[in-house]
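File shown: entry-v4.tsv. Contents: TSV, N, CA and C atoms.
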```tsv
chain	number	residue	atom	x	y	z
E	1	MET	N	-78.47	56.09	11.13
E	1	MET	CA	-78.29	55.47	12.44
E	1	MET	C	-79.61	54.83	12.87
E	2	HIS	N	-79.52	53.62	13.37
E	2	HIS	CA	-80.71	52.88	13.79
E	2	HIS	C	-80.97	53.06	15.28
E	3	SER	N	-82.24	53.02	15.62
E	3	SER	CA	-82.62	53.01	17.02
E	3	SER	C	-82.44	51.59	17.55
E	4	GLU	N	-82.54	51.43	18.85
E	4	GLU	CA	-82.46	50.10	19.46
E	4	GLU	C	-83.56	49.19	18.92
E	5	ARG	N	-84.75	49.73	18.75
E	5	ARG	CA	-85.87	48.94	18.23
E	5	ARG	C	-85.61	48.49	16.80
E	6	GLU	N	-85.05	49.37	15.99
E	6	GLU	CA	-84.73	49.00	14.61
E	6	GLU	C	-83.65	47.93	14.59
E	7	ASP	N	-82.64	48.07	15.45
E	7	ASP	CA	-81.59	47.05	15.54
E	7	ASP	C	-82.19	45.70	15.91
E	8	HIS	N	-83.11	45.69	16.86
E	8	HIS	CA	-83.77	44.46	17.27
E	8	HIS	C	-84.58	43.88	16.11
E	9	LEU	N	-85.30	44.74	15.38
E	9	LEU	CA	-86.07	44.31	14.23
E	9	LEU	C	-85.16	43.66	13.18
E	10	LEU	N	-84.04	44.28	12.88
E	10	LEU	CA	-83.11	43.74	11.89
E	10	LEU	C	-82.53	42.40	12.34
E	11	HIS	N	-82.21	42.29	13.62
E	11	HIS	CA	-81.67	41.05	14.16
E	11	HIS	C	-82.70	39.92	14.06
E	12	LEU	N	-83.92	40.20	14.48
E	12	LEU	CA	-84.98	39.19	14.43
E	12	LEU	C	-85.27	38.81	12.97
E	13	ALA	N	-85.33	39.79	12.09
E	13	ALA	CA	-85.58	39.51	10.67
E	13	ALA	C	-84.51	38.57	10.12
E	14	GLY	N	-83.27	38.82	10.47
E	14	GLY	CA	-82.18	37.95	10.01
E	14	GLY	C	-82.33	36.53	10.52
E	15	ARG	N	-82.70	36.39	11.78
E	15	ARG	CA	-82.90	35.05	12.36
E	15	ARG	C	-84.04	34.31	11.68
E	16	LEU	N	-85.05	35.06	11.21
E	16	LEU	CA	-86.21	34.46	10.58
E	16	LEU	C	-86.10	34.43	9.05
E	17	LEU	N	-84.92	34.75	8.53
E	17	LEU	CA	-84.62	34.69	7.09
E	17	LEU	C	-85.39	35.72	6.27
E	18	PHE	N	-85.68	36.87	6.86
E	18	PHE	CA	-86.32	37.97	6.15
E	18	PHE	C	-85.27	39.01	5.77
E	19	GLU	N	-85.45	39.60	4.60
E	19	GLU	CA	-84.69	40.78	4.22
E	19	GLU	C	-85.54	41.99	4.61
E	20	VAL	N	-84.87	43.07	5.00
E	20	VAL	CA	-85.59	44.28	5.41
E	20	VAL	C	-85.11	45.44	4.55
E	21	GLU	N	-86.06	46.17	4.00
E	21	GLU	CA	-85.76	47.41	3.30
E	21	GLU	C	-86.46	48.52	4.06
E	22	LYS	N	-85.78	49.65	4.17
E	22	LYS	CA	-86.36	50.79	4.86
E	22	LYS	C	-86.38	51.98	3.91
E	23	GLN	N	-87.55	52.60	3.81
E	23	GLN	CA	-87.69	53.82	3.02
E	23	GLN	C	-88.37	54.85	3.91
E	24	GLY	N	-87.61	55.84	4.33
E	24	GLY	CA	-88.13	56.82	5.28
E	24	GLY	C	-88.41	56.13	6.60
E	25	ASP	N	-89.65	56.20	7.06
E	25	ASP	CA	-90.01	55.54	8.32
E	25	ASP	C	-90.83	54.28	8.07
E	26	ARG	N	-90.82	53.76	6.83
E	26	ARG	CA	-91.58	52.57	6.47
E	26	ARG	C	-90.64	51.41	6.13
E	27	PHE	N	-91.14	50.20	6.36
E	27	PHE	CA	-90.34	48.99	6.17
E	27	PHE	C	-91.03	48.03	5.21
E	28	THR	N	-90.22	47.29	4.47
E	28	THR	CA	-90.68	46.18	3.65
E	28	THR	C	-89.95	44.94	4.13
E	29	LEU	N	-90.71	43.86	4.37
E	29	LEU	CA	-90.14	42.59	4.77
E	29	LEU	C	-90.31	41.61	3.62
E	30	LEU	N	-89.25	40.86	3.30
E	30	LEU	CA	-89.28	39.91	2.21
E	30	LEU	C	-88.60	38.62	2.65
E	31	ARG	N	-89.29	37.51	2.44
E	31	ARG	CA	-88.71	36.20	2.74
E	31	ARG	C	-88.90	35.33	1.52
E	32	THR	N	-87.79	34.77	1.04
E	32	THR	CA	-87.82	33.88	-0.12
E	32	THR	C	-87.32	32.48	0.22
E	33	GLU	N	-86.68	32.32	1.36
E	33	GLU	CA	-86.13	31.02	1.74
E	33	GLU	C	-87.16	30.22	2.53
E	34	ASP	N	-87.20	28.91	2.25
E	34	ASP	CA	-88.06	27.97	2.98
E	34	ASP	C	-89.55	28.31	2.91
E	35	VAL	N	-89.98	28.95	1.82
E	35	VAL	CA	-91.41	29.22	1.61
E	35	VAL	C	-91.76	28.83	0.17
E	36	GLU	N	-92.99	28.40	-0.03
E	36	GLU	CA	-93.44	28.00	-1.36
E	36	GLU	C	-93.42	29.18	-2.33
E	37	ARG	N	-93.97	30.30	-1.86
E	37	ARG	CA	-94.00	31.53	-2.64
E	37	ARG	C	-93.38	32.64	-1.78
E	38	PRO	N	-92.71	33.60	-2.40
E	38	PRO	CA	-92.14	34.69	-1.61
E	38	PRO	C	-93.19	35.37	-0.74
E	39	VAL	N	-92.78	35.72	0.47
E	39	VAL	CA	-93.64	36.45	1.40
E	39	VAL	C	-93.15	37.88	1.43
E	40	ARG	N	-94.03	38.80	1.12
E	40	ARG	CA	-93.65	40.22	1.08
E	40	ARG	C	-94.71	41.04	1.78
E	41	GLN	N	-94.26	41.83	2.73
E	41	GLN	CA	-95.13	42.78	3.44
E	41	GLN	C	-94.49	44.15	3.25
E	42	ALA	N	-95.22	45.08	2.67
E	42	ALA	CA	-94.65	46.38	2.32
E	42	ALA	C	-95.37	47.52	3.02
E	43	ASP	N	-94.68	48.65	3.10
E	43	ASP	CA	-95.21	49.90	3.64
E	43	ASP	C	-95.67	49.74	5.09
E	44	LEU	N	-94.86	49.05	5.88
E	44	LEU	CA	-95.18	48.80	7.29
E	44	LEU	C	-94.52	49.84	8.19
E	45	THR	N	-95.22	50.20	9.25
E	45	THR	CA	-94.57	51.00	10.29
E	45	THR	C	-93.64	50.08	11.07
E	46	LEU	N	-92.83	50.63	11.93
E	46	LEU	CA	-91.96	49.83	12.78
E	46	LEU	C	-92.78	48.86	13.62
E	47	GLU	N	-93.87	49.34	14.18
E	47	GLU	CA	-94.73	48.49	15.01
E	47	GLU	C	-95.34	47.35	14.21
E	48	GLN	N	-95.79	47.64	13.00
E	48	GLN	CA	-96.38	46.60	12.16
E	48	GLN	C	-95.34	45.55	11.77
E	49	ALA	N	-94.13	46.00	11.42
E	49	ALA	CA	-93.06	45.07	11.05
E	49	ALA	C	-92.70	44.18	12.23
E	50	GLU	N	-92.64	44.77	13.43
E	50	GLU	CA	-92.36	43.97	14.62
E	50	GLU	C	-93.44	42.91	14.82
E	51	LYS	N	-94.69	43.29	14.61
E	51	LYS	CA	-95.80	42.35	14.79
E	51	LYS	C	-95.72	41.19	13.80
E	52	VAL	N	-95.43	41.49	12.54
E	52	VAL	CA	-95.29	40.44	11.52
E	52	VAL	C	-94.18	39.47	11.92
E	53	LEU	N	-93.03	39.99	12.30
E	53	LEU	CA	-91.91	39.11	12.66
E	53	LEU	C	-92.20	38.32	13.92
E	54	ASN	N	-92.81	38.93	14.90
E	54	ASN	CA	-93.14	38.20	16.13
E	54	ASN	C	-94.15	37.09	15.86
E	55	THR	N	-95.09	37.34	14.94
E	55	THR	CA	-96.05	36.30	14.57
E	55	THR	C	-95.33	35.13	13.91
E	56	TRP	N	-94.40	35.41	13.02
E	56	TRP	CA	-93.62	34.34	12.37
E	56	TRP	C	-92.81	33.57	13.40
E	57	LYS	N	-92.25	34.30	14.34
E	57	LYS	CA	-91.43	33.65	15.38
E	57	LYS	C	-92.28	32.68	16.19
E	58	LEU	N	-93.49	33.05	16.53
E	58	LEU	CA	-94.37	32.21	17.33
E	58	LEU	C	-94.92	31.02	16.56
E	59	ARG	N	-95.11	31.19	15.27
E	59	ARG	CA	-95.71	30.11	14.45
E	59	ARG	C	-94.68	29.10	13.96
E	60	GLY	N	-93.42	29.40	14.09
E	60	GLY	CA	-92.41	28.44	13.66
E	60	GLY	C	-91.79	28.80	12.31
E	61	PRO	N	-90.95	27.92	11.81
E	61	PRO	CA	-90.12	28.21	10.64
E	61	PRO	C	-90.88	28.59	9.39
E	62	HIS	N	-92.10	28.12	9.22
E	62	HIS	CA	-92.82	28.42	7.98
E	62	HIS	C	-93.91	29.46	8.18
E	63	GLY	N	-93.97	30.08	9.35
E	63	GLY	CA	-94.90	31.17	9.59
E	63	GLY	C	-96.35	30.77	9.63
E	64	GLY	N	-96.65	29.51	9.61
E	64	GLY	CA	-98.04	29.12	9.58
E	64	GLY	C	-98.23	27.83	10.13
```

Re-express the file's structure as structure tokens.
Amino acid sequence: MHSEREDHLLHLAGRLLFEVEKQGDRFTLLRTEDVERPVRQADLTLEQAEKVLNTWKLRGPHGG
């Protein structure tokens, strides 16, 4: 069962074309669409994953 924050994280990740994997209380974010090379951030806390996604959201479709 996901918390509200996790649900929000999953929704935002989907909007930004990221796949999310969860292992225990850690997250891996992977984006392969619309990027030159795959973007992968692993072993993130919920807070860190939120920060990565929010940064991508602010920078636009290509995260940079």

Skipping near chain neighbours, those fewer than 4 positions away, what residues fall within 7 Å of stretch 20-31 of chain E using all atoms listed in the file, listed as a compact mmCIF listing (two decimals) with N, CA and C atoms, keeping the file's coordinate frame?
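So out-v4.txt came out as:
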```txt
# COMPACT_ATOMS: atom_id res chain seq x y z
N LEU E 10 -84.04 44.28 12.88
CA LEU E 10 -83.11 43.74 11.89
C LEU E 10 -82.53 42.40 12.34
N ALA E 13 -85.33 39.79 12.09
CA ALA E 13 -85.58 39.51 10.67
C ALA E 13 -84.51 38.57 10.12
N VAL E 35 -89.98 28.95 1.82
CA VAL E 35 -91.41 29.22 1.61
C VAL E 35 -91.76 28.83 0.17
N ARG E 37 -93.97 30.30 -1.86
CA ARG E 37 -94.00 31.53 -2.64
C ARG E 37 -93.38 32.64 -1.78
N PRO E 38 -92.71 33.60 -2.40
CA PRO E 38 -92.14 34.69 -1.61
C PRO E 38 -93.19 35.37 -0.74
N VAL E 39 -92.78 35.72 0.47
CA VAL E 39 -93.64 36.45 1.40
C VAL E 39 -93.15 37.88 1.43
N ARG E 40 -94.03 38.80 1.12
CA ARG E 40 -93.65 40.22 1.08
C ARG E 40 -94.71 41.04 1.78
N GLN E 41 -94.26 41.83 2.73
CA GLN E 41 -95.13 42.78 3.44
C GLN E 41 -94.49 44.15 3.25
N ALA E 42 -95.22 45.08 2.67
CA ALA E 42 -94.65 46.38 2.32
C ALA E 42 -95.37 47.52 3.02
N ASP E 43 -94.68 48.65 3.10
CA ASP E 43 -95.21 49.90 3.64
C ASP E 43 -95.67 49.74 5.09
N LEU E 44 -94.86 49.05 5.88
CA LEU E 44 -95.18 48.80 7.29
C LEU E 44 -94.52 49.84 8.19
N THR E 45 -95.22 50.20 9.25
CA THR E 45 -94.57 51.00 10.29
C THR E 45 -93.64 50.08 11.07
N LEU E 46 -92.83 50.63 11.93
CA LEU E 46 -91.96 49.83 12.78
C LEU E 46 -92.78 48.86 13.62
N ALA E 49 -94.13 46.00 11.42
CA ALA E 49 -93.06 45.07 11.05
C ALA E 49 -92.70 44.18 12.23
```

message = Between atom C of E:Leu17 and atom C of E:Gln48, what is the distance in Å, rounded to a tenth?
response =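 Between atom C of E:Leu17 and atom C of E:Gln48 the gap is 15.0 Å.
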
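Picture a line from atom CA of E:Glu33 to atom N of E:Phe18; it runs 7.8 Å.
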
query = Could you state the separation of atom N of E:Glu19 and atom N of E:Thr32 in Å, given to one decimal place?
reply =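 Between atom N of E:Glu19 and atom N of E:Thr32 the gap is 6.4 Å.
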